[in-house]
There are 2 protein chains.
Amino acid sequence: MSRAEIEKITTLPYAAWVEPADERQIVLSTRLRLARNLAGRPFPNRLQDAEADALAQEICEQLRACEGSAAFEGWQVLRLDDLLQAEKGVLLEKHLLSRDILQHPAGRRLVVNQAQSLAVMINEEDHLRMQAILPGLQLTAGWQQISALDDKLALGLNFAYDQQLGFLTSCPSNLGTGLRASVMLHLPALHLTNKLEGIFRQLPQVGLTVRGVYGEGSQSQSGLYQISNQITLGYSEEEIISRLQQLVEEIIAQEVQAREWLRQNRLLWLQDRIGRAAGILANACLLSSAEAMEHISILRLGLAMGLCQPSWQISWRELNLLMLSVQPPFLQAAASKELNEYERDEARANLSRGFFRE
Amino acid sequence: MSRAEIEKITTLPYAAWVEPADERQIVLSTRLRLARNLAGRPFPNRLQDAEADALAQEICEQLRACEGSAAFEGWQVLRLDDLLQAEKGVLLEKHLLSRDILQHPAGRRLVVNQAQSLAVMINEEDHLRMQAILPGLQLTAGWQQISALDDKLALGLNFAYDQQLGFLTSCPSNLGTGLRASVMLHLPALHLTNKLEGIFRQLPQVGLTVRGVYGEGSQSQSGLYQISNQITLGYSEEEIISRLQQLVEEIIAQEVQAREWLRQNRLLWLQDRIGRAAGILANACLLSSAEAMEHISILRLGLAMGLCQPSWQISWRELNLLMLSVQPPFLQAAASKELNEYERDEARANLSRGFFRE
């Protein structure tokens, strides 16, 4: 694979969820991940580099059998050894790579389709980590995609499976279904009205877990949260997905309610917050990541509630791209060099101002 | 005098210094005030209302003799009894009235020329408080104006004067020359670089005093300070004025130096502050007086240093008008009603956004 081809995937601030699925944009994206291992072979952490490489070859050959399917159009195989540091950062940011796989790149691969919506990490913690990323809330569609890929691969690969335990995985926390389904939610109104802590407290009781994206805990200024199943064993894939679906729908309803409450009771205050966010993003010359995300979050809320000024000319696509672009790996990739924190703050502000100019 | 004529003076956010005298705009305005009393008559606080009124008539008649002079063109006499509450606030803000004279409006007058650059308060603490307000640093020109008015009035009025003490005044702190000369300075760079405290500490030693305008002490976020002579006795008018002139020139040099230091050492930080100030003034929906003044101060600095974006289309005149307009009395006058703090913050933000729209 040529450098130019690699860069198409590694430098552009693009993700499958950049194109909005829904006007409210409360759910940004749905991700489904299946962990699989080949029967009778050591887990990746026990493989010599040459063995890992041979095993990766074997899996890639089987992946070629899937080339026909629409979802896997234009797929590429990236050797982790070939990637520059900045590119690894971008792929991490896009959730196409994990920190784990970057620890030891030899014999590791990333297979990804053109739309960057379907990917397979080879020799991460498990031999295969298949992943589907879809815009909006699409748990069922995502499950169908990832399941179809799994079925196709199973025709040529012998997956490690135990009648009692289900699919065997390197870490016991993934045993059984090997499925991790997660949904990225933007909950600015629940954040502004301090309702998140109460909502998140119930999640473990139904086997779900939450983490702040770009910020810790329920105080994440970005308003972004990823909710996923914690338990992979003892429930069917359909049960895991339907439980997550139900809970996410409940949270969406609460976010919608909180937005309505703000409109009825704090409209001017909210318009002020939105105006200031736009004013700062359009004019600042130094912008930290946390501050940028806080303002982008407020603008997303403004856009969803129809409270953005037409003169700002902001679309969902632009705001989503801005949200990606201001992250350090994309800034580094755009600058084609390592940037220190101050240089990143400057580059981030330049980029943000550019988004607000015609 | 008709209501419409009164309103020309009392509702428009205009002051003599709105038209800038100097591109750097470090000195906004120069004010000179002379206190005079008629010989053999009780001070205003000892006058019955009818006596005060008769005395005011007498002074006004003598003022008519000055009508010919250019500086006193289009002068008007306002009876304080005729003014609405909001109008009194505006005149206070313009430094044409004092809090003292508003305590007891009966028999009190304000005489003011069309340009609002020359005024006489009648029966404030003293029978006459003549005042000249000029844009920029114009102590000598101001002294000539006020002195010419004093000379003309002295032709027809017998001012209380003692060979030993000089002009007699109601309060001993004004004895002698009866002169208070003051200069309004905008010192944002000295404020940002924390140099003001050291500078202000020397002022009492040379008989000068300072007060923050729109904010107390050297921490005034508006960067505006008024420096004036504290001592009226024992020095000639020329000595008082030349001492103030010299000190103000020194402070201007230090402010210029601090601006240059910021340009050399904190340029991006400063551009960021300027950009944010413009972004917030152009987009906020709720704006406190202190916050507005802080942003306007930074924008003034940006304009002086050539660091404002052309797209903001800000001129000195507009910034000076904005600085006046956002003050509560002008907001009240524009709304034609009493506004509470929250309503003022909303009106202030509306007005500020309007200044940034074409």
# chains A, B, ... in the order shown; residues from 1 in each chain; ligands from 1
$ select_by_dssp --residues "segment 65-272 of chain B" --states "alpha helix (DSSP H)" --output "PyMOL selection string"
chain B and resi 85-93+99-103+139-154+188-192+196-201+237-265+267-272
$ interface_residues --of "chain A" --to "chain B" --cutoff "8 Å" --atoms "only C-alpha atoms" --output "list in words"
Leu268, Trp269, Gln271, Asp272, Arg273, Gly275, Arg276, Ala278, Gly279, Ile280, Ala282, Asn283, Ala284, Cys285 and Leu286 of chain A
$ closest_residue --among "A:Val326, A:Asn340, A:Gly136, A:Glu67" --to "Arg353 of chain A" --atoms "only C-alpha atoms"
A:Val326
$ atom_distance --atom1 "atom CA of Ser117 of chain B" --atom2 "atom CA of Arg180 of chain B"
15.8 Å
$ residues_around --residues "Ala154 of chain A" --least-positions-apart "2" --cutoff "12 Å" --atoms "only C-alpha atoms" --output "list in words"
Arg36, Asn37, Leu38, Ala39, Ile59, Gln62, Leu63, Ala65, Cys66, Leu128, Ser147, Ala148, Leu149, Asp150, Asp151, Lys152, Gly156, Leu157, Asn158, Phe159, Ala160 and Tyr161 of chain A
$ write_last_selection --atoms "N, CA and C atoms" --output "PDB file, in the first residue's frame"
ATOM      1  N   ARG A  36     -12.686 -12.236  18.250  1.00  0.00           N
ATOM      2  CA  ARG A  36     -12.591 -13.644  17.820  1.00  0.00           C
ATOM      3  C   ARG A  36     -11.133 -14.089  17.835  1.00  0.00           C
ATOM      4  N   ASN A  37     -10.936 -15.400  18.064  1.00  0.00           N
ATOM      5  CA  ASN A  37      -9.591 -15.966  18.010  1.00  0.00           C
ATOM      6  C   ASN A  37      -9.623 -17.260  17.214  1.00  0.00           C
ATOM      7  N   LEU A  38      -8.496 -17.596  16.599  1.00  0.00           N
ATOM      8  CA  LEU A  38      -8.424 -18.845  15.851  1.00  0.00           C
ATOM      9  C   LEU A  38      -8.165 -19.987  16.831  1.00  0.00           C
ATOM     10  N   ALA A  39      -8.873 -21.087  16.642  1.00  0.00           N
ATOM     11  CA  ALA A  39      -8.768 -22.237  17.555  1.00  0.00           C
ATOM     12  C   ALA A  39      -7.365 -22.831  17.484  1.00  0.00           C
ATOM     13  N   ILE A  59      -5.445 -14.450   7.965  1.00  0.00           N
ATOM     14  CA  ILE A  59      -6.733 -13.772   8.179  1.00  0.00           C
ATOM     15  C   ILE A  59      -7.044 -12.852   6.993  1.00  0.00           C
ATOM     16  N   GLN A  62      -8.480 -14.666   4.110  1.00  0.00           N
ATOM     17  CA  GLN A  62      -9.882 -14.989   4.324  1.00  0.00           C
ATOM     18  C   GLN A  62     -10.754 -13.736   4.152  1.00  0.00           C
ATOM     19  N   LEU A  63     -10.218 -12.569   4.538  1.00  0.00           N
ATOM     20  CA  LEU A  63     -10.970 -11.316   4.385  1.00  0.00           C
ATOM     21  C   LEU A  63     -11.228 -11.015   2.914  1.00  0.00           C
ATOM     22  N   ALA A  65     -12.200 -12.912   0.779  1.00  0.00           N
ATOM     23  CA  ALA A  65     -13.447 -13.592   0.408  1.00  0.00           C
ATOM     24  C   ALA A  65     -14.654 -12.679   0.641  1.00  0.00           C
ATOM     25  N   CYS A  66     -14.481 -11.689   1.495  1.00  0.00           N
ATOM     26  CA  CYS A  66     -15.592 -10.782   1.814  1.00  0.00           C
ATOM     27  C   CYS A  66     -15.634  -9.588   0.874  1.00  0.00           C
ATOM     28  N   LEU A 128      -8.683 -11.414  16.107  1.00  0.00           N
ATOM     29  CA  LEU A 128      -9.524 -10.509  15.320  1.00  0.00           C
ATOM     30  C   LEU A 128     -10.364  -9.632  16.241  1.00  0.00           C
ATOM     31  N   SER A 147     -22.176  -9.020  12.126  1.00  0.00           N
ATOM     32  CA  SER A 147     -22.534 -10.428  12.197  1.00  0.00           C
ATOM     33  C   SER A 147     -22.347 -11.096  10.829  1.00  0.00           C
ATOM     34  N   ALA A 148     -22.679 -10.352   9.771  1.00  0.00           N
ATOM     35  CA  ALA A 148     -22.495 -10.889   8.418  1.00  0.00           C
ATOM     36  C   ALA A 148     -21.011 -11.096   8.130  1.00  0.00           C
ATOM     37  N   LEU A 149     -20.190 -10.156   8.575  1.00  0.00           N
ATOM     38  CA  LEU A 149     -18.740 -10.286   8.390  1.00  0.00           C
ATOM     39  C   LEU A 149     -18.227 -11.499   9.165  1.00  0.00           C
ATOM     40  N   ASP A 150     -18.699 -11.628  10.391  1.00  0.00           N
ATOM     41  CA  ASP A 150     -18.326 -12.757  11.249  1.00  0.00           C
ATOM     42  C   ASP A 150     -18.684 -14.087  10.582  1.00  0.00           C
ATOM     43  N   ASP A 151     -19.900 -14.159  10.036  1.00  0.00           N
ATOM     44  CA  ASP A 151     -20.355 -15.389   9.377  1.00  0.00           C
ATOM     45  C   ASP A 151     -19.470 -15.736   8.194  1.00  0.00           C
ATOM     46  N   LYS A 152     -19.145 -14.700   7.426  1.00  0.00           N
ATOM     47  CA  LYS A 152     -18.340 -14.937   6.234  1.00  0.00           C
ATOM     48  C   LYS A 152     -16.948 -15.432   6.596  1.00  0.00           C
ATOM     49  N   GLY A 156     -14.164 -19.696   6.567  1.00  0.00           N
ATOM     50  CA  GLY A 156     -12.790 -20.107   6.273  1.00  0.00           C
ATOM     51  C   GLY A 156     -11.890 -20.158   7.479  1.00  0.00           C
ATOM     52  N   LEU A 157     -12.339 -19.596   8.595  1.00  0.00           N
ATOM     53  CA  LEU A 157     -11.488 -19.588   9.792  1.00  0.00           C
ATOM     54  C   LEU A 157     -12.188 -20.377  10.887  1.00  0.00           C
ATOM     55  N   ASN A 158     -11.373 -21.116  11.638  1.00  0.00           N
ATOM     56  CA  ASN A 158     -11.937 -21.925  12.716  1.00  0.00           C
ATOM     57  C   ASN A 158     -11.818 -21.154  14.023  1.00  0.00           C
ATOM     58  N   PHE A 159     -12.922 -20.491  14.459  1.00  0.00           N
ATOM     59  CA  PHE A 159     -12.871 -19.656  15.654  1.00  0.00           C
ATOM     60  C   PHE A 159     -12.890 -20.501  16.922  1.00  0.00           C
ATOM     61  N   ALA A 160     -12.108 -20.096  17.901  1.00  0.00           N
ATOM     62  CA  ALA A 160     -12.059 -20.791  19.192  1.00  0.00           C
ATOM     63  C   ALA A 160     -13.401 -20.607  19.897  1.00  0.00           C
ATOM     64  N   TYR A 161     -14.066 -21.693  20.169  1.00  0.00           N
ATOM     65  CA  TYR A 161     -15.421 -21.629  20.733  1.00  0.00           C
ATOM     66  C   TYR A 161     -15.598 -22.770  21.725  1.00  0.00           C
TER      67      TYR A 161
END
$ residues_around --residues "Gly89 of chain B" --least-positions-apart "5" --cutoff "12 Å" --atoms "only C-alpha atoms" --output "list in words"
Ile9, Thr10, Thr11, Leu12, Pro13, Leu80, Leu83, Leu84, Lys94, His95, Leu96, Leu97, Ser98, Arg99, Leu102, Gln327, Pro328, Pro329, Phe330, Leu331, Gln332, Ala333 and Glu338 of chain B
$ residues_around --residues "segment 183-190 of chain B" --least-positions-apart "2" --cutoff "6 Å" --atoms "only C-alpha atoms" --output "PyMOL selection string"
chain B and resi 26-30+192-196+223-227+255+258-259
$ residues_around --residues "Gln138 of chain B" --least-positions-apart "5" --cutoff "12 Å" --atoms "only C-alpha atoms" --output "ChimeraX atom specification"
/B:17,21-22,27-32,132-133,143-145,181-184,241-242,244-245,248-249
$ select_by_dssp --residues "segment 109-170 of chain A" --states "strand (DSSP E)" --output "CSV table (one decimal) with all heavy atoms, in the first residue's frame"
chain,number,residue,atom,x,y,z
A,109,ARG,N,-2.0,-5.7,12.0
A,109,ARG,CA,-2.6,-5.1,10.8
A,109,ARG,C,-3.9,-4.4,11.2
A,109,ARG,O,-4.6,-4.8,12.2
A,109,ARG,CB,-3.0,-6.2,9.8
A,109,ARG,CG,-2.0,-7.1,9.3
A,109,ARG,CD,-1.2,-6.5,8.1
A,109,ARG,NE,-0.4,-7.6,7.5
A,109,ARG,CZ,0.6,-8.2,8.0
A,109,ARG,NH1,1.0,-7.9,9.2
A,109,ARG,NH2,1.2,-9.2,7.4
A,110,LEU,N,-4.2,-3.4,10.4
A,110,LEU,CA,-5.6,-2.8,10.4
A,110,LEU,C,-6.2,-3.0,9.0
A,110,LEU,O,-5.6,-2.5,8.0
A,110,LEU,CB,-5.5,-1.3,10.8
A,110,LEU,CG,-6.8,-0.6,10.6
A,110,LEU,CD1,-7.9,-1.1,11.6
A,110,LEU,CD2,-6.6,0.9,10.8
A,111,VAL,N,-7.3,-3.6,9.0
A,111,VAL,CA,-8.1,-3.7,7.7
A,111,VAL,C,-9.3,-2.8,7.8
A,111,VAL,O,-10.0,-2.9,8.8
A,111,VAL,CB,-8.5,-5.2,7.4
A,111,VAL,CG1,-9.1,-5.3,6.1
A,111,VAL,CG2,-7.3,-6.1,7.6
A,112,VAL,N,-9.4,-1.9,6.8
A,112,VAL,CA,-10.5,-1.0,6.9
A,112,VAL,C,-11.1,-0.7,5.6
A,112,VAL,O,-10.4,-0.6,4.5
A,112,VAL,CB,-10.0,0.3,7.6
A,112,VAL,CG1,-8.8,1.0,6.9
A,112,VAL,CG2,-11.1,1.4,7.8
A,118,LEU,N,-16.2,0.0,8.6
A,118,LEU,CA,-16.0,-1.5,8.9
A,118,LEU,C,-14.5,-1.7,9.0
A,118,LEU,O,-13.8,-1.3,8.1
A,118,LEU,CB,-16.7,-2.3,7.8
A,118,LEU,CG,-17.2,-3.7,8.3
A,118,LEU,CD1,-18.1,-3.7,9.4
A,118,LEU,CD2,-17.8,-4.4,7.1
A,119,ALA,N,-14.1,-2.3,10.1
A,119,ALA,CA,-12.6,-2.5,10.3
A,119,ALA,C,-12.3,-3.8,11.0
A,119,ALA,O,-13.2,-4.2,11.8
A,119,ALA,CB,-12.1,-1.3,11.0
A,120,VAL,N,-11.2,-4.3,10.8
A,120,VAL,CA,-10.7,-5.4,11.6
A,120,VAL,C,-9.3,-5.1,12.1
A,120,VAL,O,-8.4,-4.8,11.3
A,120,VAL,CB,-10.7,-6.7,10.8
A,120,VAL,CG1,-10.3,-7.9,11.6
A,120,VAL,CG2,-12.1,-7.0,10.1
A,121,MET,N,-9.1,-5.1,13.4
A,121,MET,CA,-7.7,-5.1,13.9
A,121,MET,C,-7.3,-6.5,14.0
A,121,MET,O,-8.0,-7.4,14.6
A,121,MET,CB,-7.7,-4.5,15.3
A,121,MET,CG,-7.6,-3.0,15.3
A,121,MET,SD,-7.3,-2.4,17.0
A,121,MET,CE,-8.9,-2.5,17.7
A,122,ILE,N,-6.1,-6.8,13.5
A,122,ILE,CA,-5.6,-8.2,13.6
A,122,ILE,C,-4.4,-8.2,14.6
A,122,ILE,O,-3.5,-7.4,14.5
A,122,ILE,CB,-5.1,-8.7,12.2
A,122,ILE,CG1,-6.3,-8.6,11.2
A,122,ILE,CG2,-4.5,-10.1,12.3
A,122,ILE,CD1,-5.9,-9.0,9.8
A,128,LEU,N,-8.7,-11.4,16.1
A,128,LEU,CA,-9.5,-10.5,15.3
A,128,LEU,C,-10.4,-9.6,16.2
A,128,LEU,O,-11.0,-10.1,17.2
A,128,LEU,CB,-10.5,-11.3,14.4
A,128,LEU,CG,-9.9,-12.1,13.3
A,128,LEU,CD1,-9.9,-13.6,13.6
A,128,LEU,CD2,-10.6,-11.8,12.0
A,129,ARG,N,-10.4,-8.4,15.9
A,129,ARG,CA,-11.3,-7.5,16.6
A,129,ARG,C,-12.0,-6.8,15.4
A,129,ARG,O,-11.5,-5.8,14.8
A,129,ARG,CB,-10.6,-6.4,17.4
A,129,ARG,CG,-10.1,-6.9,18.7
A,129,ARG,CD,-11.2,-6.9,19.8
A,129,ARG,NE,-10.8,-7.5,21.0
A,129,ARG,CZ,-10.5,-6.8,22.1
A,129,ARG,NH1,-10.6,-5.5,22.1
A,129,ARG,NH2,-10.2,-7.4,23.2
A,130,MET,N,-13.3,-7.3,15.1
A,130,MET,CA,-14.0,-6.7,14.0
A,130,MET,C,-14.9,-5.5,14.6
A,130,MET,O,-15.4,-5.6,15.7
A,130,MET,CB,-15.0,-7.7,13.5
A,130,MET,CG,-14.4,-9.0,13.0
A,130,MET,SD,-15.6,-10.2,12.6
A,130,MET,CE,-15.0,-11.6,13.5
A,131,GLN,N,-15.0,-4.5,13.8
A,131,GLN,CA,-15.7,-3.4,14.3
A,131,GLN,C,-16.6,-2.7,13.2
A,131,GLN,O,-16.1,-2.5,12.0
A,131,GLN,CB,-14.8,-2.3,14.8
A,131,GLN,CG,-15.5,-1.2,15.5
A,131,GLN,CD,-14.5,-0.1,16.0
A,131,GLN,OE1,-14.4,0.0,17.2
A,131,GLN,NE2,-13.8,0.6,15.2
A,132,ALA,N,-17.8,-2.4,13.5
A,132,ALA,CA,-18.7,-1.6,12.6
A,132,ALA,C,-19.0,-0.3,13.3
A,132,ALA,O,-19.3,-0.2,14.5
A,132,ALA,CB,-20.0,-2.3,12.3
A,133,ILE,N,-18.8,0.9,12.6
A,133,ILE,CA,-19.1,2.2,13.1
A,133,ILE,C,-20.2,2.8,12.2
A,133,ILE,O,-19.9,2.9,11.0
A,133,ILE,CB,-17.9,3.2,13.2
A,133,ILE,CG1,-16.7,2.5,13.8
A,133,ILE,CG2,-18.3,4.4,13.9
A,133,ILE,CD1,-15.5,3.4,14.0
A,134,LEU,N,-21.3,3.2,12.8
A,134,LEU,CA,-22.4,3.7,12.0
A,134,LEU,C,-22.8,5.1,12.6
A,134,LEU,O,-22.7,5.3,13.8
A,134,LEU,CB,-23.6,2.8,12.0
A,134,LEU,CG,-23.4,1.4,11.3
A,134,LEU,CD1,-22.9,0.4,12.3
A,134,LEU,CD2,-24.7,1.0,10.7
A,135,PRO,N,-23.2,6.0,11.8
A,135,PRO,CA,-23.7,7.3,12.3
A,135,PRO,C,-25.1,7.1,13.0
A,135,PRO,O,-25.9,6.2,12.6
A,135,PRO,CB,-23.9,8.2,11.1
A,135,PRO,CG,-24.0,7.2,9.9
A,135,PRO,CD,-23.3,6.0,10.3
A,161,TYR,N,-14.1,-21.7,20.2
A,161,TYR,CA,-15.4,-21.6,20.7
A,161,TYR,C,-15.6,-22.8,21.7
A,161,TYR,O,-15.2,-23.9,21.5
A,161,TYR,CB,-16.4,-21.7,19.6
A,161,TYR,CG,-17.9,-21.6,20.0
A,161,TYR,CD1,-18.4,-20.3,20.2
A,161,TYR,CD2,-18.7,-22.7,20.3
A,161,TYR,CE1,-19.7,-20.1,20.6
A,161,TYR,CE2,-20.0,-22.5,20.7
A,161,TYR,CZ,-20.5,-21.2,20.9
A,161,TYR,OH,-21.8,-21.1,21.3
A,162,ASP,N,-16.2,-22.5,22.8
A,162,ASP,CA,-16.4,-23.5,23.9
A,162,ASP,C,-17.9,-23.5,24.1
A,162,ASP,O,-18.6,-22.5,24.2
A,162,ASP,CB,-15.7,-23.1,25.1
A,162,ASP,CG,-16.0,-24.0,26.3
A,162,ASP,OD1,-17.0,-23.8,27.0
A,162,ASP,OD2,-15.2,-24.9,26.5
A,166,GLY,N,-18.8,-20.1,25.3
A,166,GLY,CA,-18.9,-19.3,24.1
A,166,GLY,C,-17.6,-19.0,23.4
A,166,GLY,O,-16.7,-19.8,23.6
A,167,PHE,N,-17.5,-17.9,22.7
A,167,PHE,CA,-16.2,-17.6,22.0
A,167,PHE,C,-15.2,-17.3,23.1
A,167,PHE,O,-15.4,-16.6,24.1
A,167,PHE,CB,-16.4,-16.3,21.1
A,167,PHE,CG,-17.3,-16.7,19.9
A,167,PHE,CD1,-18.6,-16.3,19.9
A,167,PHE,CD2,-16.7,-17.4,18.8
A,167,PHE,CE1,-19.4,-16.7,18.8
A,167,PHE,CE2,-17.5,-17.7,17.7
A,167,PHE,CZ,-18.9,-17.4,17.7
$ residues_around --residues "Lys8 of chain A" --least-positions-apart "6" --cutoff "12 Å" --atoms "only C-alpha atoms" --output "PyMOL selection string"
chain A and resi 1-2+14+76+78+87+90-91+112-116+333
$ write_last_selection --atoms "N, CA, C and O atoms" --output "compact mmCIF listing (two decimals), in the first residue's frame"
# COMPACT_ATOMS: atom_id res chain seq x y z
N MET A 1 0.84 -1.20 0.00
CA MET A 1 0.00 0.00 0.00
C MET A 1 0.88 1.25 0.00
O MET A 1 1.79 1.38 0.80
N SER A 2 0.58 2.18 -0.90
CA SER A 2 1.43 3.37 -1.02
C SER A 2 1.16 4.35 0.12
O SER A 2 0.11 4.30 0.76
N TYR A 14 -11.95 12.60 9.30
CA TYR A 14 -13.21 12.07 8.81
C TYR A 14 -13.59 10.85 9.64
O TYR A 14 -12.73 10.08 10.05
N GLN A 76 -8.72 -1.76 2.61
CA GLN A 76 -7.27 -1.64 2.58
C GLN A 76 -6.68 -2.36 3.79
O GLN A 76 -7.31 -2.39 4.85
N LEU A 78 -3.56 -2.11 6.32
CA LEU A 78 -2.44 -1.27 6.79
C LEU A 78 -1.59 -2.09 7.75
O LEU A 78 -2.11 -2.63 8.73
N GLU A 87 0.09 9.38 12.34
CA GLU A 87 -1.00 8.61 11.73
C GLU A 87 -1.62 7.65 12.75
O GLU A 87 -2.84 7.45 12.77
N VAL A 90 -4.06 9.56 14.75
CA VAL A 90 -5.32 9.81 14.04
C VAL A 90 -6.21 8.57 14.08
O VAL A 90 -7.41 8.66 14.36
N LEU A 91 -5.62 7.41 13.82
CA LEU A 91 -6.42 6.17 13.80
C LEU A 91 -6.95 5.82 15.18
O LEU A 91 -8.04 5.26 15.33
N VAL A 112 -9.44 -1.94 6.81
CA VAL A 112 -10.52 -0.96 6.93
C VAL A 112 -11.12 -0.68 5.55
O VAL A 112 -10.40 -0.65 4.55
N ASN A 113 -12.43 -0.53 5.51
CA ASN A 113 -13.07 -0.24 4.22
C ASN A 113 -12.96 1.25 3.90
O ASN A 113 -12.54 2.05 4.74
N GLN A 114 -13.36 1.60 2.68
CA GLN A 114 -13.19 2.98 2.22
C GLN A 114 -13.96 3.98 3.09
O GLN A 114 -13.47 5.06 3.41
N ALA A 115 -15.16 3.61 3.49
CA ALA A 115 -16.01 4.51 4.27
C ALA A 115 -15.54 4.60 5.73
O ALA A 115 -16.10 5.37 6.51
N GLN A 116 -14.53 3.81 6.09
CA GLN A 116 -14.03 3.73 7.46
C GLN A 116 -15.15 3.33 8.44
O GLN A 116 -15.13 3.70 9.61
N ALA A 333 -1.37 15.98 12.44
CA ALA A 333 -1.34 15.47 11.07
C ALA A 333 -1.41 16.63 10.08
O ALA A 333 -0.71 16.65 9.07
$ atom_distance --atom1 "atom CA of Ile314 of chain A" --atom2 "atom CA of Arg357 of chain A"
10.4 Å
$ atom_distance --atom1 "atom CA of Ser325 of chain B" --atom2 "atom CA of Ala4 of chain B"
19.8 Å
